[in-house]
Amino acid sequence: CVRRAYLCGHDQASGKSFEHRRGWIARRIKELAAIFAIDVAAYAVMSNHYHVVVRVDAERAESWSDEQVLERWRQLFTGPVLVQRYLSAERERMGGAELAKVAEMTATYRARLADLSWFMRVLNESLARMANAEDGCTGRFWEGRFKSQALLDEPALLAAMAYVDLNPVRAGLA
């Protein structure tokens, strides 16, 4: 977090508690995991950052029908009028060019729903908006883009999950 903001915990300087934000993060991670083709293996919320261990499942996204992809995307964003028409009874009156454009957008959305960067973008943006609204300010909440590390085998996965699970213990938060 920037501007000495608290993501969670108790700010000694101001006396404010931001512990309720931990629930925001847990809920949002679960919501997004149900929409994206991304499985969450572990997460930990610290006072000014969080850790998350995920698995991207592109094959799952490929198995979704076009309608499922569009409905999932619409859970995140309103979407263009063309997509709204496609998902309604108006689909029958759409022309070939319109259907081709919807197919193009569906392919884009399908790729995004299996993309870690899009997952993190949606997660971080929603958390920043809620925190900024609560803090009565605007501007950046996060210091920068997320950092990631590929876990290429089971021992690496287990080590990362242990690190994430024990991080709050090491920090004296749990």
# chains A, B, ... in the order shown; residues from 1 in each chain; ligands from 1
$ residues_around --residues "stretch 164-172 of chain A" --least-positions-apart "4" --cutoff "8 Å" --atoms "only C-alpha atoms" --output "list in words"
Ala42, Tyr43, Ala44, Val45, Met46, His51, Val52, Val53 and Ala160 of chain A
$ write_last_selection --atoms "N, CA, C and O atoms" --output "compact mmCIF listing (two decimals), in the first residue's frame"
# COMPACT_ATOMS: atom_id res chain seq x y z
N ALA A 42 -3.94 -20.87 -1.61
CA ALA A 42 -3.66 -20.29 -0.30
C ALA A 42 -3.61 -18.78 -0.43
O ALA A 42 -3.33 -18.25 -1.51
N TYR A 43 -3.89 -18.10 0.68
CA TYR A 43 -3.70 -16.65 0.71
C TYR A 43 -3.49 -16.22 2.14
O TYR A 43 -3.87 -16.92 3.09
N ALA A 44 -2.84 -15.08 2.30
CA ALA A 44 -2.63 -14.48 3.62
C ALA A 44 -2.70 -12.97 3.45
O ALA A 44 -2.18 -12.41 2.48
N VAL A 45 -3.37 -12.32 4.39
CA VAL A 45 -3.53 -10.87 4.34
C VAL A 45 -2.69 -10.27 5.46
O VAL A 45 -2.89 -10.60 6.63
N MET A 46 -1.77 -9.41 5.09
CA MET A 46 -0.89 -8.75 6.05
C MET A 46 -1.38 -7.31 6.25
O MET A 46 -2.42 -6.93 5.71
N HIS A 51 -0.63 -12.05 0.13
CA HIS A 51 -0.03 -13.09 -0.69
C HIS A 51 -1.14 -14.01 -1.16
O HIS A 51 -2.08 -14.28 -0.40
N VAL A 52 -1.02 -14.51 -2.35
CA VAL A 52 -2.00 -15.47 -2.87
C VAL A 52 -1.27 -16.47 -3.75
O VAL A 52 -0.39 -16.11 -4.53
N VAL A 53 -1.61 -17.74 -3.57
CA VAL A 53 -1.06 -18.82 -4.39
C VAL A 53 -2.21 -19.32 -5.25
O VAL A 53 -3.24 -19.75 -4.71
N ALA A 160 5.82 -22.59 -1.21
CA ALA A 160 5.12 -21.30 -1.32
C ALA A 160 3.90 -21.27 -0.42
O ALA A 160 3.64 -20.26 0.26
$ residues_around --residues "A:Glu125" --least-positions-apart "3" --cutoff "12 Å" --atoms "only C-alpha atoms" --output "ChimeraX atom specification"
/A:25,28,76,117-122,128-132,139-142,144-146
$ residues_around --residues "A:Ser63" --least-positions-apart "6" --cutoff "12 Å" --atoms "only C-alpha atoms" --output "MDAnalysis selection string"
chainID A and resid 37 57 69 110:111 114
$ write_last_selection --atoms "all heavy atoms" --output "PDB file, in the first residue's frame"
ATOM      1  N   ALA A  37     -11.012 -18.662 -14.420  1.00  0.00           N
ATOM      2  CA  ALA A  37     -10.517 -20.039 -14.483  1.00  0.00           C
ATOM      3  C   ALA A  37      -9.218 -20.091 -13.680  1.00  0.00           C
ATOM      4  O   ALA A  37      -8.153 -20.460 -14.177  1.00  0.00           O
ATOM      5  CB  ALA A  37     -10.293 -20.464 -15.927  1.00  0.00           C
ATOM      6  N   ASP A  57      -6.080 -22.209 -14.837  1.00  0.00           N
ATOM      7  CA  ASP A  57      -6.606 -23.389 -15.513  1.00  0.00           C
ATOM      8  C   ASP A  57      -7.200 -22.985 -16.863  1.00  0.00           C
ATOM      9  O   ASP A  57      -8.422 -22.876 -17.023  1.00  0.00           O
ATOM     10  CB  ASP A  57      -7.657 -24.057 -14.625  1.00  0.00           C
ATOM     11  CG  ASP A  57      -8.108 -25.411 -15.145  1.00  0.00           C
ATOM     12  OD1 ASP A  57      -7.674 -25.812 -16.253  1.00  0.00           O
ATOM     13  OD2 ASP A  57      -8.905 -26.060 -14.452  1.00  0.00           O
ATOM     14  N   VAL A  69     -18.939 -17.815 -20.977  1.00  0.00           N
ATOM     15  CA  VAL A  69     -17.862 -16.822 -20.953  1.00  0.00           C
ATOM     16  C   VAL A  69     -18.447 -15.418 -20.822  1.00  0.00           C
ATOM     17  O   VAL A  69     -18.007 -14.617 -19.988  1.00  0.00           O
ATOM     18  CB  VAL A  69     -16.979 -16.927 -22.222  1.00  0.00           C
ATOM     19  CG1 VAL A  69     -16.038 -15.729 -22.351  1.00  0.00           C
ATOM     20  CG2 VAL A  69     -16.199 -18.235 -22.212  1.00  0.00           C
ATOM     21  N   ARG A 110     -12.571 -14.839 -22.959  1.00  0.00           N
ATOM     22  CA  ARG A 110     -12.159 -16.186 -22.546  1.00  0.00           C
ATOM     23  C   ARG A 110     -10.680 -16.176 -22.149  1.00  0.00           C
ATOM     24  O   ARG A 110     -10.306 -16.731 -21.110  1.00  0.00           O
ATOM     25  CB  ARG A 110     -12.404 -17.195 -23.679  1.00  0.00           C
ATOM     26  CG  ARG A 110     -12.120 -18.643 -23.293  1.00  0.00           C
ATOM     27  CD  ARG A 110     -12.296 -19.581 -24.491  1.00  0.00           C
ATOM     28  NE  ARG A 110     -13.523 -19.385 -25.233  1.00  0.00           N
ATOM     29  CZ  ARG A 110     -14.700 -19.927 -24.925  1.00  0.00           C
ATOM     30  NH1 ARG A 110     -14.795 -20.694 -23.859  1.00  0.00           N
ATOM     31  NH2 ARG A 110     -15.757 -19.718 -25.668  1.00  0.00           N
ATOM     32  N   ALA A 111      -9.852 -15.529 -22.959  1.00  0.00           N
ATOM     33  CA  ALA A 111      -8.418 -15.447 -22.646  1.00  0.00           C
ATOM     34  C   ALA A 111      -8.198 -14.665 -21.352  1.00  0.00           C
ATOM     35  O   ALA A 111      -7.360 -15.043 -20.517  1.00  0.00           O
ATOM     36  CB  ALA A 111      -7.669 -14.795 -23.805  1.00  0.00           C
ATOM     37  N   ALA A 114      -8.733 -16.461 -18.036  1.00  0.00           N
ATOM     38  CA  ALA A 114      -7.685 -17.422 -17.679  1.00  0.00           C
ATOM     39  C   ALA A 114      -6.333 -16.714 -17.604  1.00  0.00           C
ATOM     40  O   ALA A 114      -5.291 -17.302 -17.877  1.00  0.00           O
ATOM     41  CB  ALA A 114      -7.635 -18.549 -18.700  1.00  0.00           C
TER      42      ALA A 114
END
